[in-house]
>>> print(open('entry30.pdb').read())   # PDB, C-alpha atoms
ATOM      1  CA  MET A 222      46.056  -6.841 -43.707  1.00  0.00           C
ATOM      2  CA  ALA A 223      44.015 -10.055 -43.855  1.00  0.00           C
ATOM      3  CA  LEU A 224      46.859 -11.914 -45.593  1.00  0.00           C
ATOM      4  CA  SER A 225      49.086 -11.534 -42.532  1.00  0.00           C
ATOM      5  CA  GLU A 226      46.733 -13.850 -40.632  1.00  0.00           C
ATOM      6  CA  GLN A 227      46.860 -16.639 -43.239  1.00  0.00           C
ATOM      7  CA  THR A 228      49.161 -19.622 -42.737  1.00  0.00           C
ATOM      8  CA  ARG A 229      49.156 -20.716 -46.392  1.00  0.00           C
ATOM      9  CA  PRO A 230      48.875 -19.132 -49.841  1.00  0.00           C
ATOM     10  CA  VAL A 231      45.299 -18.053 -50.568  1.00  0.00           C
ATOM     11  CA  THR A 232      43.247 -17.213 -53.633  1.00  0.00           C
ATOM     12  CA  THR A 233      41.069 -14.197 -54.311  1.00  0.00           C
ATOM     13  CA  ALA A 234      38.014 -16.313 -53.465  1.00  0.00           C
ATOM     14  CA  ASP A 235      39.557 -17.255 -50.109  1.00  0.00           C
ATOM     15  CA  LEU A 236      40.073 -13.587 -49.244  1.00  0.00           C
ATOM     16  CA  VAL A 237      36.559 -12.669 -50.355  1.00  0.00           C
ATOM     17  CA  ASP A 238      35.259 -15.143 -47.772  1.00  0.00           C
ATOM     18  CA  VAL A 239      37.508 -13.611 -45.104  1.00  0.00           C
ATOM     19  CA  VAL A 240      36.934  -9.884 -45.673  1.00  0.00           C
ATOM     20  CA  GLY A 241      33.436  -9.957 -47.149  1.00  0.00           C
ATOM     21  CA  LEU A 242      34.179  -7.573 -50.027  1.00  0.00           C
ATOM     22  CA  HIS A 243      33.348  -7.959 -53.711  1.00  0.00           C
ATOM     23  CA  ALA A 244      35.836 -10.053 -55.687  1.00  0.00           C
ATOM     24  CA  ASN A 245      36.701  -7.138 -57.990  1.00  0.00           C
ATOM     25  CA  THR A 246      37.502  -4.933 -55.000  1.00  0.00           C
ATOM     26  CA  VAL A 247      39.716  -7.607 -53.440  1.00  0.00           C
ATOM     27  CA  ARG A 248      41.436  -8.226 -56.776  1.00  0.00           C
ATOM     28  CA  ALA A 249      42.188  -4.509 -57.226  1.00  0.00           C
ATOM     29  CA  HIS A 250      43.687  -4.270 -53.727  1.00  0.00           C
ATOM     30  CA  LEU A 251      45.814  -7.355 -54.364  1.00  0.00           C
ATOM     31  CA  GLN A 252      47.177  -5.846 -57.585  1.00  0.00           C
ATOM     32  CA  GLU A 253      48.186  -2.650 -55.761  1.00  0.00           C
ATOM     33  CA  LEU A 254      49.784  -4.570 -52.886  1.00  0.00           C
ATOM     34  CA  THR A 255      51.654  -6.825 -55.314  1.00  0.00           C
ATOM     35  CA  ALA A 256      52.984  -3.800 -57.224  1.00  0.00           C
ATOM     36  CA  ALA A 257      54.148  -2.305 -53.912  1.00  0.00           C
ATOM     37  CA  GLY A 258      56.013  -5.480 -52.955  1.00  0.00           C
ATOM     38  CA  LEU A 259      53.776  -6.170 -49.955  1.00  0.00           C
ATOM     39  CA  VAL A 260      52.206  -9.276 -51.482  1.00  0.00           C
ATOM     40  CA  ARG A 261      53.642 -12.036 -53.689  1.00  0.00           C
ATOM     41  CA  MET A 262      51.532 -13.612 -56.434  1.00  0.00           C
ATOM     42  CA  GLU A 263      52.095 -17.134 -57.760  1.00  0.00           C
ATOM     43  CA  THR A 264      50.358 -18.802 -60.683  1.00  0.00           C
ATOM     44  CA  VAL A 265      49.326 -22.409 -60.110  1.00  0.00           C
ATOM     45  CA  PRO A 266      47.969 -24.916 -62.651  1.00  0.00           C
ATOM     46  CA  PRO A 267      44.202 -25.504 -62.531  1.00  0.00           C
ATOM     47  CA  ALA A 268      42.944 -28.653 -60.841  1.00  0.00           C
ATOM     48  CA  GLY A 269      40.837 -29.445 -63.913  1.00  0.00           C
ATOM     49  CA  ARG A 270      39.678 -27.507 -66.917  1.00  0.00           C
ATOM     50  CA  GLY A 271      39.914 -23.750 -66.770  1.00  0.00           C
ATOM     51  CA  ARG A 272      42.439 -20.997 -66.438  1.00  0.00           C
ATOM     52  CA  PRO A 273      45.420 -21.117 -64.036  1.00  0.00           C
ATOM     53  CA  ALA A 274      44.704 -19.746 -60.585  1.00  0.00           C
ATOM     54  CA  HIS A 275      46.598 -17.096 -58.650  1.00  0.00           C
ATOM     55  CA  GLN A 276      47.629 -17.532 -55.050  1.00  0.00           C
ATOM     56  CA  TYR A 277      48.832 -14.772 -52.769  1.00  0.00           C
ATOM     57  CA  THR A 278      51.121 -14.597 -49.752  1.00  0.00           C
ATOM     58  CA  ILE A 279      52.298 -11.636 -47.711  1.00  0.00           C
ATOM     59  CA  THR A 280      55.973 -10.673 -48.094  1.00  0.00           C
ATOM     60  CA  ASP A 281      58.415  -9.697 -45.351  1.00  0.00           C
ATOM     61  CA  GLN A 282      57.914  -6.060 -46.359  1.00  0.00           C
ATOM     62  CA  GLY A 283      54.177  -6.512 -46.021  1.00  0.00           C
ATOM     63  CA  ARG A 284      54.550  -7.895 -42.520  1.00  0.00           C
ATOM     64  CA  ALA A 285      56.670  -4.870 -41.586  1.00  0.00           C
ATOM     65  CA  VAL A 286      53.895  -2.378 -42.401  1.00  0.00           C
ATOM     66  CA  PRO A 287      52.642  -0.769 -39.191  1.00  0.00           C
ATOM     67  CA  ARG A 288      49.299  -2.019 -37.883  1.00  0.00           C
ATOM     68  CA  VAL A 289      46.889   0.606 -36.636  1.00  0.00           C
ATOM     69  CA  ASN A 290      45.862  -1.615 -33.732  1.00  0.00           C
ATOM     70  CA  ASP A 291      49.467  -2.158 -32.638  1.00  0.00           C
ATOM     71  CA  PRO A 292      50.049  -0.508 -29.193  1.00  0.00           C
ATOM     72  CA  ALA A 293      53.433   0.795 -30.380  1.00  0.00           C
ATOM     73  CA  PHE A 294      51.770   2.441 -33.376  1.00  0.00           C
ATOM     74  CA  ALA A 295      49.128   3.999 -31.127  1.00  0.00           C
ATOM     75  CA  GLU A 296      51.910   5.467 -28.981  1.00  0.00           C
ATOM     76  CA  TYR A 297      53.711   6.801 -32.066  1.00  0.00           C
ATOM     77  CA  ARG A 298      50.497   8.365 -33.360  1.00  0.00           C
ATOM     78  CA  GLY A 299      49.787   9.985 -30.005  1.00  0.00           C
ATOM     79  CA  LEU A 300      53.265  11.498 -29.840  1.00  0.00           C
ATOM     80  CA  THR A 301      52.997  12.782 -33.412  1.00  0.00           C
ATOM     81  CA  THR A 302      49.585  14.286 -32.688  1.00  0.00           C
ATOM     82  CA  ALA A 303      51.008  16.149 -29.687  1.00  0.00           C
ATOM     83  CA  PHE A 304      53.987  17.585 -31.572  1.00  0.00           C
ATOM     84  CA  ALA A 305      51.874  18.476 -34.644  1.00  0.00           C
ATOM     85  CA  THR A 306      49.340  20.285 -32.469  1.00  0.00           C
ATOM     86  CA  TYR A 307      52.126  22.166 -30.715  1.00  0.00           C
ATOM     87  CA  LEU A 308      53.727  23.271 -33.984  1.00  0.00           C
ATOM     88  CA  ALA A 309      50.435  24.310 -35.511  1.00  0.00           C
ATOM     89  CA  ALA A 310      49.591  26.451 -32.466  1.00  0.00           C
ATOM     90  CA  ARG A 311      52.982  27.854 -31.429  1.00  0.00           C
ATOM     91  CA  SER A 312      55.283  28.000 -34.455  1.00  0.00           C
ATOM     92  CA  GLU A 313      55.456  31.054 -36.723  1.00  0.00           C
ATOM     93  CA  ASP A 314      56.179  28.731 -39.656  1.00  0.00           C
ATOM     94  CA  PRO A 315      54.962  25.202 -38.792  1.00  0.00           C
ATOM     95  CA  SER A 316      55.535  23.877 -42.317  1.00  0.00           C
ATOM     96  CA  ASP A 317      59.254  24.716 -42.353  1.00  0.00           C
ATOM     97  CA  GLU A 318      59.813  23.379 -38.843  1.00  0.00           C
ATOM     98  CA  ALA A 319      57.885  20.205 -39.628  1.00  0.00           C
ATOM     99  CA  ARG A 320      59.974  19.674 -42.768  1.00  0.00           C
ATOM    100  CA  ASP A 321      63.204  20.120 -40.786  1.00  0.00           C
ATOM    101  CA  ILE A 322      61.984  17.540 -38.263  1.00  0.00           C
ATOM    102  CA  GLY A 323      61.142  15.197 -41.141  1.00  0.00           C
ATOM    103  CA  ARG A 324      64.617  15.578 -42.644  1.00  0.00           C
ATOM    104  CA  ALA A 325      66.266  14.675 -39.342  1.00  0.00           C
ATOM    105  CA  TRP A 326      63.944  11.692 -38.985  1.00  0.00           C
ATOM    106  CA  GLY A 327      64.633  10.534 -42.551  1.00  0.00           C
ATOM    107  CA  ARG A 328      68.409  10.693 -42.050  1.00  0.00           C
ATOM    108  CA  GLN A 329      68.119   8.715 -38.843  1.00  0.00           C
ATOM    109  CA  LEU A 330      65.955   6.015 -40.422  1.00  0.00           C
ATOM    110  CA  ALA A 331      68.172   5.731 -43.501  1.00  0.00           C
ATOM    111  CA  SER A 332      71.396   5.574 -41.503  1.00  0.00           C
ATOM    112  CA  GLY A 333      70.523   2.093 -40.275  1.00  0.00           C
ATOM    113  CA  GLU A 334      69.434   0.724 -43.659  1.00  0.00           C
ATOM    114  CA  GLU A 335      71.295  -1.954 -45.594  1.00  0.00           C
ATOM    115  CA  THR A 336      71.600  -0.545 -49.115  1.00  0.00           C
ATOM    116  CA  ASP A 337      72.365  -3.885 -50.849  1.00  0.00           C
ATOM    117  CA  GLY A 338      73.560  -1.942 -53.903  1.00  0.00           C
ATOM    118  CA  ALA A 339      70.084  -0.521 -54.579  1.00  0.00           C
ATOM    119  CA  ASP A 340      69.681   2.958 -56.005  1.00  0.00           C
ATOM    120  CA  ALA A 341      68.380   5.798 -53.886  1.00  0.00           C
ATOM    121  CA  THR A 342      64.868   5.730 -55.333  1.00  0.00           C
ATOM    122  CA  GLY A 343      64.569   2.011 -54.651  1.00  0.00           C
ATOM    123  CA  LEU A 344      65.802   2.529 -51.098  1.00  0.00           C
ATOM    124  CA  VAL A 345      63.253   5.300 -50.493  1.00  0.00           C
ATOM    125  CA  ILE A 346      60.455   3.103 -51.835  1.00  0.00           C
ATOM    126  CA  ARG A 347      61.572   0.315 -49.514  1.00  0.00           C
ATOM    127  CA  LEU A 348      61.656   2.702 -46.551  1.00  0.00           C
ATOM    128  CA  LEU A 349      58.219   4.124 -47.329  1.00  0.00           C
ATOM    129  CA  THR A 350      56.862   0.593 -47.633  1.00  0.00           C
ATOM    130  CA  ARG A 351      58.212  -0.269 -44.197  1.00  0.00           C
ATOM    131  CA  LEU A 352      56.603   2.855 -42.748  1.00  0.00           C
ATOM    132  CA  GLY A 353      53.178   1.999 -44.119  1.00  0.00           C
ATOM    133  CA  PHE A 354      52.755   4.267 -47.176  1.00  0.00           C
ATOM    134  CA  THR A 355      52.232   1.470 -49.758  1.00  0.00           C
ATOM    135  CA  PRO A 356      54.268   3.219 -52.497  1.00  0.00           C
ATOM    136  CA  VAL A 357      53.555   2.158 -56.072  1.00  0.00           C
ATOM    137  CA  PRO A 358      56.220   3.207 -58.637  1.00  0.00           C
ATOM    138  CA  PRO A 359      55.038   4.602 -61.974  1.00  0.00           C
ATOM    139  CA  ALA A 360      54.961   2.498 -65.108  1.00  0.00           C
ATOM    140  CA  GLU A 361      58.080   2.724 -67.262  1.00  0.00           C
ATOM    141  CA  ALA A 362      56.065   4.451 -69.978  1.00  0.00           C
ATOM    142  CA  THR A 363      54.812   7.199 -67.637  1.00  0.00           C
ATOM    143  CA  PRO A 364      57.626   8.078 -65.188  1.00  0.00           C
ATOM    144  CA  GLU A 365      56.280  11.635 -64.908  1.00  0.00           C
ATOM    145  CA  GLU A 366      53.359  10.327 -62.855  1.00  0.00           C
ATOM    146  CA  GLY A 367      55.636   9.882 -59.870  1.00  0.00           C
ATOM    147  CA  ILE A 368      55.248   7.421 -57.016  1.00  0.00           C
ATOM    148  CA  ALA A 369      51.706   6.839 -55.778  1.00  0.00           C
ATOM    149  CA  LEU A 370      51.416   6.619 -51.989  1.00  0.00           C
ATOM    150  CA  ARG A 371      48.302   4.506 -51.556  1.00  0.00           C
ATOM    151  CA  THR A 372      48.127   4.559 -47.770  1.00  0.00           C
ATOM    152  CA  CYS A 373      49.210   6.913 -44.992  1.00  0.00           C
ATOM    153  CA  PRO A 374      49.957   5.718 -41.448  1.00  0.00           C
ATOM    154  CA  LEU A 375      48.666   9.075 -40.149  1.00  0.00           C
ATOM    155  CA  LEU A 376      45.839   9.712 -42.602  1.00  0.00           C
ATOM    156  CA  GLU A 377      43.329  11.338 -40.239  1.00  0.00           C
ATOM    157  CA  LEU A 378      45.998  13.589 -38.786  1.00  0.00           C
ATOM    158  CA  ALA A 379      47.293  14.494 -42.262  1.00  0.00           C
ATOM    159  CA  GLU A 380      43.785  15.469 -43.330  1.00  0.00           C
ATOM    160  CA  GLU A 381      43.439  17.650 -40.233  1.00  0.00           C
ATOM    161  CA  MET A 382      46.910  19.264 -40.329  1.00  0.00           C
ATOM    162  CA  PRO A 383      48.465  18.770 -43.786  1.00  0.00           C
ATOM    163  CA  GLU A 384      50.741  21.791 -43.313  1.00  0.00           C
ATOM    164  CA  VAL A 385      52.520  19.834 -40.576  1.00  0.00           C
ATOM    165  CA  ILE A 386      52.143  16.104 -41.240  1.00  0.00           C
ATOM    166  CA  CYS A 387      52.623  16.189 -45.030  1.00  0.00           C
ATOM    167  CA  GLN A 388      55.663  18.436 -44.625  1.00  0.00           C
ATOM    168  CA  VAL A 389      57.137  15.968 -42.133  1.00  0.00           C
ATOM    169  CA  HIS A 390      56.695  13.237 -44.729  1.00  0.00           C
ATOM    170  CA  GLN A 391      58.283  15.302 -47.513  1.00  0.00           C
ATOM    171  CA  GLY A 392      61.190  16.157 -45.228  1.00  0.00           C
ATOM    172  CA  LEU A 393      61.531  12.475 -44.345  1.00  0.00           C
ATOM    173  CA  VAL A 394      62.069  11.615 -48.021  1.00  0.00           C
ATOM    174  CA  GLU A 395      64.552  14.481 -48.453  1.00  0.00           C
ATOM    175  CA  GLY A 396      66.540  13.424 -45.389  1.00  0.00           C
ATOM    176  CA  ALA A 397      66.594   9.784 -46.422  1.00  0.00           C
ATOM    177  CA  LEU A 398      67.762  10.630 -49.945  1.00  0.00           C
ATOM    178  CA  ASP A 399      70.512  12.812 -48.513  1.00  0.00           C
ATOM    179  CA  GLN A 400      71.637   9.986 -46.235  1.00  0.00           C
ATOM    180  CA  TYR A 401      71.624   7.547 -49.153  1.00  0.00           C
ATOM    181  CA  GLY A 402      73.948   9.884 -51.074  1.00  0.00           C
ATOM    182  CA  SER A 403      71.415  10.737 -53.754  1.00  0.00           C
ATOM    183  CA  ARG A 404      71.864  13.650 -56.178  1.00  0.00           C
ATOM    184  CA  THR A 405      68.137  14.338 -56.240  1.00  0.00           C
ATOM    185  CA  THR A 406      67.581  18.050 -56.825  1.00  0.00           C
ATOM    186  CA  GLY A 407      63.853  18.104 -56.230  1.00  0.00           C
ATOM    187  CA  VAL A 408      61.373  16.311 -54.000  1.00  0.00           C
ATOM    188  CA  GLN A 409      57.724  17.200 -54.320  1.00  0.00           C
ATOM    189  CA  LEU A 410      54.966  15.571 -52.295  1.00  0.00           C
ATOM    190  CA  LEU A 411      51.467  16.371 -53.542  1.00  0.00           C
ATOM    191  CA  PRO A 412      49.019  15.480 -50.747  1.00  0.00           C
ATOM    192  CA  PHE A 413      45.682  13.969 -51.775  1.00  0.00           C
ATOM    193  CA  GLU A 414      46.529  14.507 -55.435  1.00  0.00           C
ATOM    194  CA  GLU A 415      43.924  11.963 -56.491  1.00  0.00           C
ATOM    195  CA  PRO A 416      41.288   9.783 -54.825  1.00  0.00           C
ATOM    196  CA  GLY A 417      43.106   7.200 -52.742  1.00  0.00           C
ATOM    197  CA  ALA A 418      46.660   8.451 -53.252  1.00  0.00           C
ATOM    198  CA  CYS A 419      49.206  11.186 -52.726  1.00  0.00           C
ATOM    199  CA  ARG A 420      51.922  11.620 -55.362  1.00  0.00           C
ATOM    200  CA  LEU A 421      55.652  11.798 -54.705  1.00  0.00           C
ATOM    201  CA  HIS A 422      57.931  13.169 -57.437  1.00  0.00           C
ATOM    202  CA  LEU A 423      61.716  12.686 -57.347  1.00  0.00           C
ATOM    203  CA  ARG A 424      63.899  14.392 -59.930  1.00  0.00           C
ATOM    204  CA  ASP A 425      67.514  13.855 -61.038  1.00  0.00           C
ATOM    205  CA  THR A 426      68.179  10.957 -58.706  1.00  0.00           C
ATOM    206  CA  GLY A 427      71.745   9.733 -58.850  1.00  0.00           C
ATOM    207  CA  PRO A 428      73.343   6.546 -57.506  1.00  0.00           C
ATOM    208  CA  SER A 429      73.194   5.892 -53.799  1.00  0.00           C
ATOM    209  CA  GLY A 430      76.183   6.013 -51.554  1.00  0.00           C
ATOM    210  CA  SER A 431      77.087   6.506 -47.956  1.00  0.00           C
ATOM    211  CA  GLY A 432      75.579   9.553 -46.317  1.00  0.00           C
ATOM    212  CA  SER A 433      77.229  11.994 -44.003  1.00  0.00           C
TER     213      SER A 433
END
>>> encode(input="entry30.pdb", output="structure tokens")
Amino acid sequence: MALSEQTRPVTTADLVDVVGLHANTVRAHLQELTAAGLVRMETVPPAGRGRPAHQYTITDQGRAVPRVNDPAFAEYRGLTTAFATYLAARSEDPSDEARDIGRAWGRQLASGEETDGADATGLVIRLLTRLGFTPVPPAEATPEEGIALRTCPLLELAEEMPEVICQVHQGLVEGALDQYGSRTTGVQLLPFEEPGACRLHLRDTGPSGSGS
């Protein structure tokens, strides 16, 4: 993320100069990142005549998103590739086994989380943000749309072996919700549901609490 390399708040025009993309493209990405809590937007008065300007800074959550060029991430991806390949080749039911692995992983990740009184859905969104999924909650008027997952830390692998990787990710959400004490009765992850996003649906989510 180009914003992580900036030492001061920047405008859309500043980022256009850095990344070399069209201003509308940069603006659309900034809106998605702001909605996901990865970027903070501030409105500043104009220096002269004209409309107020917007400045952007990366948030702590944004800095926590895995970087694909991070050696630790490369190691994690290599390990996941090895286990996914093994399951796909050796398991009689790789999807079920992958989902069980995801549940165990989700419980482990959630067990170390500070809940801060947040509800289970909010905690899952925060966890998915930290893992690099860029979750965007639905608008209040259209809750049935579910949570859009705009990025995937293992996109190429998920495209190659969705029956393993996507099931791990669904299991991860189920395990985390269980650890948070949620009463969610249904978790549905729809891989590649639309261009640029998977969709995650959570149903009947109750208040969070301590998991077992």
>>> closest_residue(input="entry30.pdb", among="A:Ala244, A:Val394, A:Val231, A:Leu410", to="A:Arg328", atoms="only C-alpha atoms")
A:Val394
>>> atom_distance(input="entry30.pdb", atom1="atom CA of A:Gly333", atom2="atom CA of A:Ile346")
15.4 Å
>>> residues_around(input="entry30.pdb", residues="A:Leu423", least_positions_apart="6", cutoff="12 Å", atoms="all atoms listed in the file", output="PDB file with C-alpha atoms, keeping the file's coordinate frame")
ATOM      1  CA  ALA A 341      68.380   5.798 -53.886  1.00  0.00           C
ATOM      2  CA  THR A 342      64.868   5.730 -55.333  1.00  0.00           C
ATOM      3  CA  GLY A 343      64.569   2.011 -54.651  1.00  0.00           C
ATOM      4  CA  VAL A 345      63.253   5.300 -50.493  1.00  0.00           C
ATOM      5  CA  ILE A 346      60.455   3.103 -51.835  1.00  0.00           C
ATOM      6  CA  PRO A 358      56.220   3.207 -58.637  1.00  0.00           C
ATOM      7  CA  PRO A 359      55.038   4.602 -61.974  1.00  0.00           C
ATOM      8  CA  PRO A 364      57.626   8.078 -65.188  1.00  0.00           C
ATOM      9  CA  GLU A 365      56.280  11.635 -64.908  1.00  0.00           C
ATOM     10  CA  GLU A 366      53.359  10.327 -62.855  1.00  0.00           C
ATOM     11  CA  GLY A 367      55.636   9.882 -59.870  1.00  0.00           C
ATOM     12  CA  ILE A 368      55.248   7.421 -57.016  1.00  0.00           C
ATOM     13  CA  ALA A 369      51.706   6.839 -55.778  1.00  0.00           C
ATOM     14  CA  GLN A 391      58.283  15.302 -47.513  1.00  0.00           C
ATOM     15  CA  VAL A 394      62.069  11.615 -48.021  1.00  0.00           C
ATOM     16  CA  GLU A 395      64.552  14.481 -48.453  1.00  0.00           C
ATOM     17  CA  LEU A 398      67.762  10.630 -49.945  1.00  0.00           C
ATOM     18  CA  SER A 403      71.415  10.737 -53.754  1.00  0.00           C
ATOM     19  CA  ARG A 404      71.864  13.650 -56.178  1.00  0.00           C
ATOM     20  CA  THR A 405      68.137  14.338 -56.240  1.00  0.00           C
ATOM     21  CA  THR A 406      67.581  18.050 -56.825  1.00  0.00           C
ATOM     22  CA  GLY A 407      63.853  18.104 -56.230  1.00  0.00           C
ATOM     23  CA  VAL A 408      61.373  16.311 -54.000  1.00  0.00           C
ATOM     24  CA  GLN A 409      57.724  17.200 -54.320  1.00  0.00           C
ATOM     25  CA  LEU A 410      54.966  15.571 -52.295  1.00  0.00           C
ATOM     26  CA  LEU A 411      51.467  16.371 -53.542  1.00  0.00           C
TER      27      LEU A 411
END
>>> closest_residue(input="entry30.pdb", among="A:Pro383, A:Gly396, A:Pro412, A:Gly402", to="A:Asp340", atoms="all atoms listed in the file")
A:Gly402
>>> closest_residue(input="entry30.pdb", among="A:Ala257, A:Arg324, A:Asp235, A:Leu300", to="A:Ala274", atoms="all atoms listed in the file")
A:Asp235
>>> atom_distance(input="entry30.pdb", atom1="atom CA of A:His390", atom2="atom CA of A:Ala360")
23.1 Å
>>> resolve_selection(input="entry30.pdb", expression="the PyMOL selection byres ((chain A and resi 322) around 12)", output="ChimeraX atom specification")
/A:301,304-305,308,315-321,323-329,385-396
>>> closest_residue(input="entry30.pdb", among="A:His243, A:Arg311, A:Arg424, A:Arg347", to="A:Leu259", atoms="all atoms listed in the file")
A:Arg347
>>> resolve_selection(input="entry30.pdb", expression="the PyMOL selection byres ((chain A and resi 334) around 10)", output="PyMOL selection string")
chain A and resi 329-333+335-337+344+347-348+397+400-401
>>> resolve_selection(input="entry30.pdb", expression="the PyMOL selection byres ((chain A and resi 350) around 12)", output="number ranges by chain")
A: 254-260, 280-287, 343-349, 351-358, 368-374
>>> atom_distance(input="entry30.pdb", atom1="atom CA of A:Leu378", atom2="atom CA of A:Tyr307")
13.3 Å
>>> axis_aligned_box(input="entry30.pdb", around="stretch 365-372 of chain A", padding_each_side="8 Å", output="lines of an AutoDock Vina configuration file")
center_x = 52.2
center_y = 8.1
center_z = -56.3
size_x = 24.2
size_y = 23.1
size_z = 33.1
>>> closest_residue(input="entry30.pdb", among="A:Arg261, A:Leu224, A:Ala339, A:Arg298", to="A:Val247", atoms="only C-alpha atoms")
A:Leu224
>>> closest_residue(input="entry30.pdb", among="A:Ala249, A:Thr363, A:Arg229, A:Glu381", to="A:Thr278", atoms="all atoms listed in the file")
A:Arg229
